[in-house]
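Asks: See start.txt below, with compact mmCIF, C-alpha atoms.
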# COMPACT_ATOMS: atom_id res chain seq x y z
CA MET Q 1 -72.99 144.65 10.77
CA ILE Q 2 -74.51 146.42 13.78
CA ALA Q 3 -77.22 148.98 13.10
CA PRO Q 4 -78.15 151.82 15.48
CA SER Q 5 -80.66 150.71 18.11
CA ARG Q 6 -83.04 153.46 16.93
CA ILE Q 7 -83.41 155.21 13.58
CA ASP Q 8 -85.05 158.62 13.22
CA ASP Q 9 -86.21 158.24 16.82
CA ARG Q 10 -89.01 156.10 15.41
CA TYR Q 11 -87.72 152.69 14.40
CA GLU Q 12 -86.32 150.42 17.10
CA VAL Q 13 -84.09 147.83 15.42
CA LYS Q 14 -84.73 144.37 16.87
CA GLU Q 15 -82.91 141.79 14.77
CA LEU Q 16 -81.23 141.06 11.47
CA LEU Q 17 -83.59 139.43 8.97
CA GLY Q 18 -81.19 138.95 6.08
CA GLU Q 19 -78.54 140.48 3.87
CA GLY Q 20 -77.34 140.25 0.30
CA GLY Q 21 -74.49 141.65 -1.74
CA MET Q 22 -75.58 145.29 -1.41
CA GLY Q 23 -78.46 145.49 1.07
CA ILE Q 24 -79.32 144.47 4.59
CA VAL Q 25 -82.76 144.07 6.18
CA TYR Q 26 -83.71 144.46 9.84
CA LYS Q 27 -86.84 143.75 11.78
CA ALA Q 28 -87.78 146.98 13.54
CA TYR Q 29 -90.58 148.25 15.76
CA ASP Q 30 -92.34 151.35 14.37
CA SER Q 31 -93.41 153.47 17.34
CA GLN Q 32 -95.84 155.47 15.21
CA ARG Q 33 -97.53 152.51 13.52
CA LYS Q 34 -97.35 150.52 16.75
CA GLY Q 35 -96.15 147.42 14.94
CA TYR Q 36 -93.20 145.63 13.39
CA VAL Q 37 -91.81 146.53 9.97
CA ALA Q 38 -88.93 145.55 7.72
CA LEU Q 39 -86.27 148.25 7.41
CA LYS Q 40 -83.82 147.94 4.54
CA THR Q 41 -80.63 149.90 4.03
CA MET Q 42 -77.40 149.81 2.04
CA LYS Q 43 -74.18 148.22 3.16
CA ASP Q 44 -72.07 150.86 1.45
CA ALA Q 45 -73.33 154.35 0.73
CA ALA Q 46 -70.14 156.05 -0.47
CA ASP Q 47 -71.24 156.63 -4.09
CA PRO Q 48 -73.38 159.83 -4.31
CA THR Q 49 -74.70 158.89 -7.77
CA ALA Q 50 -75.82 155.51 -6.48
CA LEU Q 51 -77.44 157.17 -3.47
CA GLU Q 52 -79.44 159.53 -5.64
CA LEU Q 53 -80.59 156.74 -7.94
CA PHE Q 54 -81.50 154.62 -4.92
CA ALA Q 55 -83.71 157.40 -3.56
CA GLN Q 56 -85.21 158.20 -6.94
CA GLU Q 57 -86.17 154.60 -7.69
CA TRP Q 58 -87.81 154.04 -4.34
CA ARG Q 59 -89.74 157.31 -4.60
CA THR Q 60 -91.05 156.15 -7.96
CA LEU Q 61 -91.81 152.69 -6.63
CA ALA Q 62 -93.64 154.08 -3.63
CA ASN Q 63 -96.02 155.90 -5.98
CA ILE Q 64 -96.98 152.76 -7.93
CA SER Q 65 -99.12 151.20 -5.18
CA HIS Q 66 -99.73 147.84 -6.83
CA PRO Q 67 -100.89 144.71 -4.94
CA ASN Q 68 -98.03 142.67 -6.42
CA ILE Q 69 -95.25 145.14 -5.59
CA VAL Q 70 -94.01 145.57 -2.05
CA ASP Q 71 -95.39 148.66 -0.32
CA ILE Q 72 -93.07 151.43 0.80
CA PHE Q 73 -94.16 152.98 4.08
CA ASN Q 74 -91.39 155.49 4.53
CA SER Q 75 -87.82 156.36 3.53
CA GLY Q 76 -85.06 158.52 4.90
CA GLU Q 77 -81.45 158.58 6.04
CA PHE Q 78 -79.54 157.76 9.21
CA GLU Q 79 -75.92 158.06 10.26
CA GLU Q 80 -73.70 155.03 10.80
CA ASP Q 81 -69.93 155.15 11.41
CA GLY Q 82 -69.87 158.77 10.28
CA GLN Q 83 -71.61 157.93 7.00
CA ARG Q 84 -75.11 158.93 5.94
CA LYS Q 85 -77.10 155.91 4.75
CA PRO Q 86 -80.52 155.79 3.11
CA TYR Q 87 -83.21 153.43 4.29
CA PHE Q 88 -86.76 152.52 3.37
CA VAL Q 89 -89.44 150.80 5.37
CA MET Q 90 -91.67 147.97 4.16
CA PRO Q 91 -94.32 145.86 5.82
CA LEU Q 92 -93.06 142.79 7.63
CA LEU Q 93 -94.52 140.24 5.25
CA PRO Q 94 -95.83 136.89 6.47
CA GLY Q 95 -94.71 134.07 4.23
CA ARG Q 96 -91.55 133.12 2.42
CA THR Q 97 -89.62 133.90 -0.74
CA LEU Q 98 -90.16 131.72 -3.80
CA ASP Q 99 -86.67 130.22 -3.59
CA ARG Q 100 -87.51 128.91 -0.11
CA LEU Q 101 -90.80 127.59 -1.44
CA ILE Q 102 -89.04 125.76 -4.28
CA ARG Q 103 -86.41 124.35 -1.95
CA ASP Q 104 -88.48 123.47 1.11
CA ALA Q 105 -91.98 122.71 -0.19
CA SER Q 106 -91.54 121.44 -3.74
CA HIS Q 107 -94.21 118.78 -3.25
CA ARG Q 108 -96.73 121.56 -2.57
CA LEU Q 109 -95.58 123.76 -5.45
CA THR Q 110 -97.88 122.31 -8.11
CA ALA Q 111 -97.87 123.56 -11.69
CA GLU Q 112 -101.15 125.37 -11.02
CA ARG Q 113 -99.77 127.12 -7.95
CA ALA Q 114 -96.50 128.03 -9.70
CA VAL Q 115 -98.38 129.53 -12.65
CA ASP Q 116 -100.58 131.57 -10.31
CA ILE Q 117 -97.44 132.96 -8.64
CA LEU Q 118 -95.97 133.76 -12.05
CA ILE Q 119 -99.11 135.48 -13.30
CA GLN Q 120 -99.21 137.70 -10.21
CA THR Q 121 -95.55 138.51 -10.75
CA CYS Q 122 -96.32 139.49 -14.35
CA ARG Q 123 -98.99 141.90 -13.13
CA GLY Q 124 -96.63 143.61 -10.74
CA LEU Q 125 -93.89 143.65 -13.34
CA GLN Q 126 -96.22 145.23 -15.90
CA ALA Q 127 -97.08 147.99 -13.43
CA ALA Q 128 -93.37 148.68 -12.86
CA HIS Q 129 -92.66 148.69 -16.60
CA ASP Q 130 -95.56 151.10 -17.18
CA HIS Q 131 -93.77 153.48 -14.80
CA GLY Q 132 -90.45 153.07 -16.57
CA LEU Q 133 -88.88 150.74 -13.98
CA ILE Q 134 -86.87 147.68 -15.06
CA HIS Q 135 -86.13 145.27 -12.23
CA ARG Q 136 -82.90 143.80 -13.72
CA ASP Q 137 -82.56 141.05 -11.12
CA LEU Q 138 -85.73 138.98 -11.02
CA LYS Q 139 -85.10 135.69 -9.26
CA PRO Q 140 -86.98 133.46 -6.81
CA SER Q 141 -85.49 135.20 -3.77
CA ASN Q 142 -86.92 138.53 -5.00
CA LEU Q 143 -90.48 137.19 -5.17
CA PHE Q 144 -92.23 137.02 -1.81
CA VAL Q 145 -95.14 134.58 -1.53
CA MET Q 146 -97.51 135.51 1.28
CA ASN Q 147 -99.34 133.00 3.43
CA ASP Q 148 -102.46 133.53 1.28
CA ASP Q 149 -100.33 132.93 -1.87
CA SER Q 150 -100.45 136.56 -2.95
CA VAL Q 151 -97.13 137.69 -4.42
CA LYS Q 152 -94.98 140.76 -3.83
CA ILE Q 153 -92.00 141.73 -6.01
CA ILE Q 154 -89.19 143.14 -3.88
CA ASP Q 155 -85.73 144.69 -4.31
CA PHE Q 156 -86.09 147.12 -7.21
CA GLY Q 157 -83.91 149.87 -5.74
CA MET Q 158 -80.93 147.70 -4.83
CA VAL Q 159 -80.80 146.34 -8.34
CA HIS Q 160 -80.38 149.80 -9.78
CA LEU Q 161 -77.65 150.56 -7.29
CA VAL Q 162 -75.82 147.46 -8.41
CA ASP Q 163 -76.24 148.42 -12.04
CA VAL Q 164 -74.59 151.80 -11.46
CA ARG Q 165 -71.46 150.05 -10.22
CA LYS Q 166 -71.11 147.34 -12.83
CA THR Q 167 -68.65 149.28 -14.98
CA ALA Q 168 -66.22 149.39 -12.07
CA THR Q 169 -66.61 145.89 -10.69
CA GLY Q 170 -67.86 143.82 -13.63
CA ILE Q 171 -71.33 142.50 -14.31
CA LYS Q 172 -73.49 142.48 -11.19
CA GLY Q 173 -76.69 140.68 -10.42
CA THR Q 174 -77.47 136.98 -10.30
CA LEU Q 175 -75.80 135.32 -13.27
CA GLN Q 176 -78.10 132.30 -13.56
CA TYR Q 177 -81.12 134.55 -14.21
CA MET Q 178 -79.48 137.10 -16.52
CA ALA Q 179 -80.59 137.61 -20.10
CA PRO Q 180 -78.00 137.36 -22.89
CA GLU Q 181 -78.10 141.11 -23.45
CA GLN Q 182 -77.15 141.71 -19.81
CA LEU Q 183 -74.08 139.53 -20.20
CA GLU Q 184 -73.09 141.55 -23.24
CA LEU Q 185 -73.59 144.84 -21.34
CA LYS Q 186 -76.26 145.98 -23.77
CA ASP Q 187 -79.24 148.12 -22.83
CA VAL Q 188 -81.80 146.33 -20.69
CA THR Q 189 -85.51 146.59 -21.45
CA ALA Q 190 -88.78 145.12 -20.25
CA ALA Q 191 -87.90 142.07 -22.36
CA THR Q 192 -84.86 141.53 -20.12
CA ASP Q 193 -87.13 141.10 -17.11
CA ILE Q 194 -89.32 138.72 -19.12
CA PHE Q 195 -86.31 136.49 -19.82
CA SER Q 196 -85.40 136.41 -16.12
CA LEU Q 197 -88.98 135.61 -15.18
CA GLY Q 198 -88.94 132.83 -17.79
CA VAL Q 199 -85.92 131.33 -16.01
CA VAL Q 200 -87.78 131.66 -12.69
CA ALA Q 201 -90.81 129.95 -14.26
CA TYR Q 202 -88.66 127.06 -15.50
CA GLU Q 203 -87.15 126.57 -12.06
CA ALA Q 204 -90.51 126.78 -10.29
CA LEU Q 205 -92.04 124.20 -12.64
CA THR Q 206 -89.12 121.77 -12.79
CA GLY Q 207 -87.00 122.38 -9.70
CA ARG Q 208 -84.00 122.95 -12.00
CA LYS Q 209 -82.04 126.06 -12.89
CA PRO Q 210 -81.96 125.83 -16.70
CA PHE Q 211 -78.54 127.42 -17.26
CA ASP Q 212 -76.63 126.54 -14.09
CA ARG Q 213 -73.41 124.80 -15.17
CA GLY Q 214 -71.35 125.01 -11.99
CA THR Q 215 -68.95 127.76 -13.08
CA GLU Q 216 -69.58 131.35 -14.10
CA GLY Q 217 -67.98 130.87 -17.52
CA ALA Q 218 -69.97 127.74 -18.35
CA THR Q 219 -73.19 129.29 -17.06
CA ALA Q 220 -72.70 132.42 -19.18
CA GLN Q 221 -71.98 130.24 -22.21
CA ALA Q 222 -75.18 128.28 -21.59
CA ILE Q 223 -77.26 131.47 -21.32
CA ARG Q 224 -75.90 132.71 -24.64
CA ASN Q 225 -75.94 129.50 -26.66
CA GLU Q 226 -77.73 126.57 -25.03
CA PHE Q 227 -81.40 125.62 -25.00
CA PRO Q 228 -82.71 123.64 -22.01
CA PRO Q 229 -85.14 120.78 -22.66
CA PRO Q 230 -88.79 121.87 -22.47
CA ALA Q 231 -90.17 122.00 -18.93
CA SER Q 232 -92.85 119.53 -20.03
CA GLU Q 233 -90.16 116.89 -20.67
CA ILE Q 234 -88.87 117.21 -17.09
CA ASN Q 235 -92.15 117.54 -15.19
CA PRO Q 236 -95.07 115.43 -16.50
CA ALA Q 237 -97.48 117.78 -14.73
CA VAL Q 238 -96.45 120.58 -17.12
CA ASN Q 239 -98.35 120.38 -20.39
CA LYS Q 240 -96.55 120.96 -23.69
CA VAL Q 241 -98.15 124.34 -24.32
CA LEU Q 242 -97.05 125.62 -20.91
CA GLY Q 243 -93.54 124.34 -21.60
CA GLN Q 244 -93.62 126.24 -24.90
CA VAL Q 245 -94.76 129.47 -23.21
CA VAL Q 246 -91.84 129.28 -20.77
CA ALA Q 247 -89.41 128.56 -23.61
CA LYS Q 248 -90.58 131.62 -25.55
CA ALA Q 249 -90.03 133.81 -22.51
CA MET Q 250 -86.42 132.56 -22.51
CA ALA Q 251 -85.81 133.22 -26.21
CA LYS Q 252 -82.24 134.44 -26.75
CA GLY Q 253 -83.26 137.54 -28.70
CA PRO Q 254 -85.41 140.14 -26.89
CA TRP Q 255 -87.54 140.59 -30.02
CA ASN Q 256 -88.54 136.91 -29.92
CA ARG Q 257 -89.90 137.03 -26.36
CA PHE Q 258 -93.35 138.18 -25.35
CA SER Q 259 -94.00 141.83 -26.09
CA SER Q 260 -94.91 142.57 -22.48
CA ALA Q 261 -95.30 141.02 -19.05
CA ARG Q 262 -99.05 141.32 -19.58
CA GLU Q 263 -98.85 139.16 -22.70
CA PHE Q 264 -96.67 136.62 -20.86
CA ALA Q 265 -99.38 136.37 -18.16
CA GLU Q 266 -102.12 135.91 -20.76
CA TYR Q 267 -100.30 133.01 -22.40
CA LEU Q 268 -99.50 131.41 -19.04
CA GLN Q 269 -103.22 131.52 -18.20
CA LYS Q 270 -104.24 130.00 -21.53
CA ALA Q 271 -101.62 127.27 -21.27
CA LEU Q 272 -102.70 126.35 -17.75
CA LYS Q 273 -106.28 125.95 -18.98
CA GLY Q 274 -105.07 123.74 -21.80
CA GLU Q 275 -106.28 126.15 -24.46
CA ALA Q 276 -104.79 125.90 -27.94
CA ILE Q 277 -102.50 128.82 -28.74
CA GLU Q 278 -102.23 129.77 -32.39
CA LEU Q 279 -98.76 131.23 -31.87
CA PHE Q 280 -97.45 127.72 -31.17
CA ASP Q 281 -99.36 125.93 -33.92
CA THR Q 282 -96.87 123.35 -35.21
CA ALA Q 283 -98.41 123.56 -38.69
CA LYS Q 284 -96.81 126.99 -39.04
CA ILE Q 285 -93.30 125.62 -38.70
CA GLN Q 286 -93.90 122.31 -40.50
CA PRO Q 287 -92.40 123.51 -43.83
CA ARG Q 288 -89.18 124.42 -42.01
CA VAL Q 289 -89.18 121.09 -40.17
CA GLU Q 290 -89.50 119.29 -43.52
CA ARG Q 291 -86.54 121.28 -44.85
CA VAL Q 292 -84.55 120.03 -41.85
CA ARG Q 293 -85.48 116.44 -42.68
CA ARG Q 294 -84.48 116.86 -46.33
CA ALA Q 295 -81.19 118.46 -45.33
CA LEU Q 296 -80.53 115.55 -42.97
CA GLY Q 297 -81.21 113.08 -45.76
CA ASP Q 298 -78.87 114.96 -48.11
CA GLY Q 299 -76.14 115.12 -45.49
CA ASP Q 300 -76.32 118.92 -45.31
CA LEU Q 301 -76.00 118.96 -41.54
CA GLU Q 302 -74.97 122.60 -41.31
CA PHE Q 303 -78.17 123.77 -43.01
CA ALA Q 304 -80.31 121.48 -40.85
CA ASN Q 305 -78.62 122.78 -37.70
CA GLU Q 306 -79.06 126.41 -38.77
CA ILE Q 307 -82.82 125.99 -39.20
CA LEU Q 308 -83.20 124.21 -35.87
CA ASN Q 309 -81.11 126.82 -34.07
CA ASP Q 310 -83.23 129.55 -35.61
CA LEU Q 311 -86.40 127.83 -34.39
CA GLN Q 312 -84.94 127.63 -30.90
CA LEU Q 313 -83.85 131.26 -30.99
CA GLU Q 314 -87.50 132.10 -31.63
CA GLY Q 315 -88.38 130.28 -28.42
CA ARG Q 316 -89.74 127.15 -30.09
CA ALA Q 317 -89.53 124.05 -27.93
CA ASP Q 318 -91.28 120.77 -28.66
CA SER Q 319 -90.41 117.08 -28.85
CA GLU Q 320 -90.07 117.04 -32.65
CA ILE Q 321 -87.46 119.80 -32.61
CA THR Q 322 -85.66 118.08 -29.73
CA GLN Q 323 -85.61 114.78 -31.64
CA LEU Q 324 -84.31 116.42 -34.81
CA LEU Q 325 -81.61 118.20 -32.84
CA ASP Q 326 -80.49 114.84 -31.44
CA GLU Q 327 -80.42 113.37 -34.95
CA VAL Q 328 -78.36 116.27 -36.27
CA ARG Q 329 -75.94 116.02 -33.33
CA GLN Q 330 -75.53 112.27 -33.83
CA ALA Q 331 -75.05 112.66 -37.59
CA THR Q 332 -72.54 115.48 -37.03
CA ARG Q 333 -70.65 113.42 -34.49
CA SER Q 334 -70.57 110.42 -36.83
CA LYS Q 335 -69.31 112.59 -39.67
CA ILE Q 336 -66.53 114.09 -37.56
CA VAL Q 337 -65.54 110.68 -36.19
CA ARG Q 338 -65.40 109.29 -39.74
CA GLN Q 339 -63.15 112.15 -40.85
CA LEU Q 340 -60.86 111.63 -37.84
CA LEU Q 341 -60.54 107.89 -38.51
CA ASP Q 342 -59.83 108.46 -42.23
CA SER Q 343 -57.15 110.94 -41.23
CA ALA Q 344 -55.71 108.44 -38.72
CA ARG Q 345 -55.44 105.74 -41.42
CA MET Q 346 -53.60 108.08 -43.76
CA ARG Q 347 -51.08 108.88 -41.06
CA LEU Q 348 -50.75 105.21 -40.19
CA GLN Q 349 -49.88 104.42 -43.80
CA GLU Q 350 -47.10 107.00 -43.59
CA ALA Q 351 -45.91 105.43 -40.30
CA GLU Q 352 -46.71 108.68 -38.46
CA PHE Q 353 -47.81 106.77 -35.40
CA PRO Q 354 -48.09 109.66 -32.87
CA LEU Q 355 -50.24 111.66 -35.29
CA ALA Q 356 -52.39 108.64 -36.09
CA TRP Q 357 -52.77 107.92 -32.38
CA GLN Q 358 -53.83 111.52 -31.70
CA LYS Q 359 -56.60 111.37 -34.32
CA VAL Q 360 -57.94 108.10 -32.93
CA GLN Q 361 -58.00 109.54 -29.40
CA GLU Q 362 -60.00 112.53 -30.65
CA ALA Q 363 -62.46 110.12 -32.26
CA LEU Q 364 -62.80 108.08 -29.07
CA GLN Q 365 -63.39 111.22 -27.02
CA ARG Q 366 -66.40 111.96 -29.22
CA ASP Q 367 -67.57 108.34 -29.43
CA PRO Q 368 -65.98 106.18 -26.69
CA GLY Q 369 -67.75 103.01 -27.77
CA ASN Q 370 -66.78 103.18 -31.44
CA THR Q 371 -65.47 99.68 -32.27
CA GLU Q 372 -63.80 100.83 -35.48
CA ALA Q 373 -61.78 103.41 -33.56
CA GLN Q 374 -60.88 100.83 -30.91
CA ALA Q 375 -59.66 98.38 -33.58
CA LEU Q 376 -57.60 101.11 -35.28
CA GLN Q 377 -56.12 102.05 -31.93
CA ALA Q 378 -55.01 98.45 -31.39
CA GLU Q 379 -53.51 98.34 -34.89
CA ILE Q 380 -51.55 101.55 -34.27
CA GLU Q 381 -50.24 100.14 -30.99
CA THR Q 382 -49.13 96.93 -32.74
CA ARG Q 383 -47.46 98.76 -35.63
CA ARG Q 384 -45.72 101.17 -33.28
CA SER Q 385 -44.51 98.27 -31.11
CA ASP Q 386 -43.22 96.46 -34.18
CA GLN Q 387 -41.29 99.54 -35.28
CA GLN Q 388 -39.77 100.07 -31.83
CA SER Q 389 -38.93 96.39 -31.49
CA GLU Q 390 -37.15 96.36 -34.88
CA LYS Q 391 -35.13 99.41 -33.82
CA TRP Q 392 -33.96 97.70 -30.63
CA HIS Q 393 -33.21 94.48 -32.52
CA ARG Q 394 -30.87 96.39 -34.81
CA LEU Q 395 -29.18 98.02 -31.82
CA VAL Q 396 -28.68 94.64 -30.15
CA GLN Q 397 -26.95 93.27 -33.25
CA GLN Q 398 -24.82 96.40 -33.57
CA HIS Q 399 -23.73 96.22 -29.91
CA LEU Q 400 -22.98 92.50 -30.19
CA HIS Q 401 -20.90 93.12 -33.29
CA ASN Q 402 -18.95 95.78 -31.40
CA HIS Q 403 -18.62 93.54 -28.32
CA ALA Q 404 -20.60 96.13 -26.28
CA PHE Q 405 -22.34 93.44 -24.28
CA THR Q 406 -23.70 95.69 -21.50
CA GLN Q 407 -25.36 97.96 -24.04
CA ALA Q 408 -26.65 94.89 -25.90
CA ARG Q 409 -28.30 93.55 -22.77
CA GLN Q 410 -29.85 96.97 -22.09
CA ALA Q 411 -31.32 96.96 -25.59
CA ILE Q 412 -32.68 93.44 -25.00
CA ASP Q 413 -34.36 94.69 -21.82
CA GLU Q 414 -36.12 97.36 -23.89
CA ILE Q 415 -37.39 94.69 -26.28
CA GLN Q 416 -38.76 92.74 -23.31
CA LYS Q 417 -40.69 95.80 -22.15
CA ILE Q 418 -42.36 96.01 -25.54
CA ARG Q 419 -42.81 92.28 -26.19
CA ARG Q 420 -42.54 90.31 -23.01
CA ASP Q 421 -43.22 86.94 -24.70
CA ASP Q 422 -41.15 87.47 -27.84
CA ILE Q 423 -39.36 84.17 -28.69
CA GLU Q 424 -36.51 86.13 -30.28
CA VAL Q 425 -35.70 87.69 -26.88
CA ALA Q 426 -34.53 84.34 -25.52
CA GLU Q 427 -32.47 83.77 -28.66
CA LEU Q 428 -30.86 87.20 -28.33
CA ILE Q 429 -30.01 86.57 -24.68
CA ALA Q 430 -28.46 83.22 -25.61
CA GLU Q 431 -26.46 84.84 -28.41
CA ALA Q 432 -25.23 87.58 -26.06
CA ASP Q 433 -24.13 84.97 -23.51
CA ARG Q 434 -22.31 82.95 -26.18
CA ARG Q 435 -20.42 85.94 -27.60
CA GLU Q 436 -19.53 87.38 -24.23
CA ASN Q 437 -18.15 84.03 -23.00
Starting from the file, lay out its structure as structure tokens.
Replies:
Amino acid sequence: MIAPSRIDDRYEVKELLGEGGMGIVYKAYDSQRKGYVALKTMKDAADPTALELFAQEWRTLANISHPNIVDIFNSGEFEEDGQRKPYFVMPLLPGRTLDRLIRDASHRLTAERAVDILIQTCRGLQAAHDHGLIHRDLKPSNLFVMNDDSVKIIDFGMVHLVDVRKTATGIKGTLQYMAPEQLELKDVTAATDIFSLGVVAYEALTGRKPFDRGTEGATAQAIRNEFPPPASEINPAVNKVLGQVVAKAMAKGPWNRFSSAREFAEYLQKALKGEAIELFDTAKIQPRVERVRRALGDGDLEFANEILNDLQLEGRADSEITQLLDEVRQATRSKIVRQLLDSARMRLQEAEFPLAWQKVQEALQRDPGNTEAQALQAEIETRRSDQQSEKWHRLVQQHLHNHAFTQARQAIDEIQKIRRDDIEVAELIAEADRREN
């Protein structure tokens, strides 16, 4: 995309700095400021509603003037290819976005440094929320870390433009950082931004995207239903309380997250200092944990799983819950495998070999190393071979009786395929030779 060489007879466009799905950023020389700036505009400005919202959001943002939100120097419109396009001007920031920092300098991104970046982001986010602005697309590439480690949140306006168009083109934004309510096209709130920032926090502290599953469908499913292991289990430098704070920010239900970005920042600060946080006192959930253990002992796996899922939905994440979840999953798997093998035996007794085989395969898919399933599989194969062999034996005798020697030999070949070393095969061949001659 080629921009005009000059915009508003003030900004001399020098080079392309970057572009995303909806926006494009140029380095430009500001003749009035006598210095370089970043000039951002839209790729497509055909939607008048989107244009108005774009302008409105950036006017609001320009009035916030917060140290952790990118400054807006100026805004306006220019003409390109016969189309009027809005633009806004920001400082040309020295530094790099957080995604670059995670990718290129992970050894320097300590837990302490990551938390400091997150706390600054919370401050900027709180200021935006206080002015009624929801970012909707918080992600590492929208957090700019300056050379002095101060943080600027960028790209509010483009996110709102994208949101206007989602009904026509499907959900927009960055899927891996979306909250469950965004996927379900429900109203977004400040809690939606907190979830996204929780995902950013997890990635900054562990180097992993917690819900990335390789495909859009699997990733969306993970956001709705899966719970990543605590960050403290992946990165030893992350203490358990900090891992718990991040998990609560990523609670599935908005009501279970922190009440504000300010509160999120407060808990991040406490966790980094190693302070005890009453909210995460394990004694408070111990009665529910004991109910899980009793349910496990009684074989009531559904009840145990419901309690554990509820704890996770609240944003609880600790090693005891993780261990109990593993125990419930193993017990559930064992129960299902047992039911499948019992079903396979019943079908085997009725000589329903394909059905018996199918049940055993389902069991082995769940538990590939199950020796009982492997033995039953071998038994089914033997019984099925015996049945097929007996069928071909009868056909051989019938063909011999009818002097259909070619068909008899074909039937003998089928027996050999099933039982290559069957002694009776040689006897049948000899009998066929004798009768034919």
Asks: What's around Q:Glu379 at 12 Å? Count only C-alpha atoms, leave out sequence neighbours fewer than 2 positions away in its own chain, and write the answer as an MDAnalysis selection string.
Replies: chainID Q and resid 344:345 348:349 351 353 356:357 360 372:377 381:386
Asks: So the first atom is atom CA of Q:Pro368 and the second is atom CA of Q:Phe303; what is the distance between them in Å, to one decimal place?
Replies: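 Atom-to-atom, atom CA of Q:Pro368 and atom CA of Q:Phe303 are spaced 26.9 Å apart.
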Asks: So how many Å separate atom CA of Q:Arg338 and atom CA of Q:Asp298, to one decimal?
Replies: 16.8 Å
Asks: May I ask for the distance between atom CA of Q:Ile64 and atom CA of Q:Leu101, given in Å to one decimal place?
Replies: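 Taking atom CA of Q:Ile64 and atom CA of Q:Leu101, their separation equals 26.7 Å.
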Asks: Sorted by chain and rising residue number, which residues of stretch 133-224 of chain Q lie within 8 Å of stretch 251-274 of chain Q, and what are their closest atom pairs and distances in Å to one decimal, counting all atoms listed in the file, as a tab-separated table?
Replies:
residue	atom	partner	partner_atom	distance
Q:Ala179	CA	Q:Lys252	CA	7.5
Q:Pro180	CA	Q:Lys252	CA	6.4
Q:Ala190	CA	Q:Ser260	CA	7.0
Q:Ala191	CA	Q:Pro254	CA	5.5
Q:Thr192	CA	Q:Pro254	CA	6.9
Q:Ile194	CA	Q:Ala261	CA	6.4
Q:Phe195	CA	Q:Ala251	CA	7.2
Q:Ile223	CA	Q:Lys252	CA	7.9
Q:Arg224	CA	Q:Lys252	CA	6.9
Asks: Closest to Q:Ser232 among Q:Ser319, Q:Thr174, Q:Asn63, Q:Ser343, using all atoms listed in the file?
Replies: Q:Ser319
Asks: Please tell me which residues are no farther than 8 Å from (-80.8, 143.9, 15.2) in the file, counting all atoms listed in the file, and write them as a list in words.
Replies: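 Using all atoms listed in the file, the matching residues come out as Ile2, Ala3, Ser5, Val13, Lys14, Glu15, Leu16, Tyr26, Lys27 and Ala28 of chain Q.
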Asks: May I have the residues from that selection written out with C-alpha atoms, as an mmCIF file, in the frame of the given file?
Replies:
data_model
loop_
_atom_site.group_PDB
_atom_site.id
_atom_site.type_symbol
_atom_site.label_atom_id
_atom_site.label_comp_id
_atom_site.auth_asym_id
_atom_site.auth_seq_id
_atom_site.Cartn_x
_atom_site.Cartn_y
_atom_site.Cartn_z
ATOM 1 C CA ILE Q 2 -74.510 146.420 13.780
ATOM 2 C CA ALA Q 3 -77.220 148.980 13.100
ATOM 3 C CA SER Q 5 -80.660 150.710 18.110
ATOM 4 C CA VAL Q 13 -84.090 147.830 15.420
ATOM 5 C CA LYS Q 14 -84.730 144.370 16.870
ATOM 6 C CA GLU Q 15 -82.910 141.790 14.770
ATOM 7 C CA LEU Q 16 -81.230 141.060 11.470
ATOM 8 C CA TYR Q 26 -83.710 144.460 9.840
ATOM 9 C CA LYS Q 27 -86.840 143.750 11.780
ATOM 10 C CA ALA Q 28 -87.780 146.980 13.540
#
Asks: Taking all atoms listed in the file into account, which of Q:Ser141, Q:Gln416, Q:Gln221, Q:Gln244 comes nearest Q:Gly18?
Replies: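 Of the candidates, the smallest distance to Q:Gly18 is held by Q:Ser141.
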Asks: Skip Q:Ala295 itself and residues of its chain fewer than 2 positions away, then list as a list in words all residues within 12 Å of it, counting all atoms listed in the file.
Replies: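 Close residues of Q:Ala295: Arg288, Val289, Glu290, Arg291, Val292, Arg293, Gly297, Asp298, Gly299, Asp300, Leu301, Glu302, Phe303, Ala304, Asn305, Glu306, Ile307, Leu308, Leu324, Glu327, Val328 and Ala331 of chain Q.
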Asks: Using only C-alpha atoms, determine which residues lie at most 10 Å from Q:Asp155, disregarding the query and same-chain residues fewer than 6 positions distant; provide the list as a compact mmCIF listing (two decimals) with C-alpha atoms, keeping the file's coordinate frame.
Replies:
# COMPACT_ATOMS: atom_id res chain seq x y z
CA GLY Q 23 -78.46 145.49 1.07
CA LYS Q 40 -83.82 147.94 4.54
CA TRP Q 58 -87.81 154.04 -4.34
CA ILE Q 69 -95.25 145.14 -5.59
CA VAL Q 70 -94.01 145.57 -2.05
CA HIS Q 135 -86.13 145.27 -12.23
CA ARG Q 136 -82.90 143.80 -13.72
CA ASP Q 137 -82.56 141.05 -11.12
CA LEU Q 138 -85.73 138.98 -11.02
CA SER Q 141 -85.49 135.20 -3.77
CA ASN Q 142 -86.92 138.53 -5.00
CA LEU Q 143 -90.48 137.19 -5.17
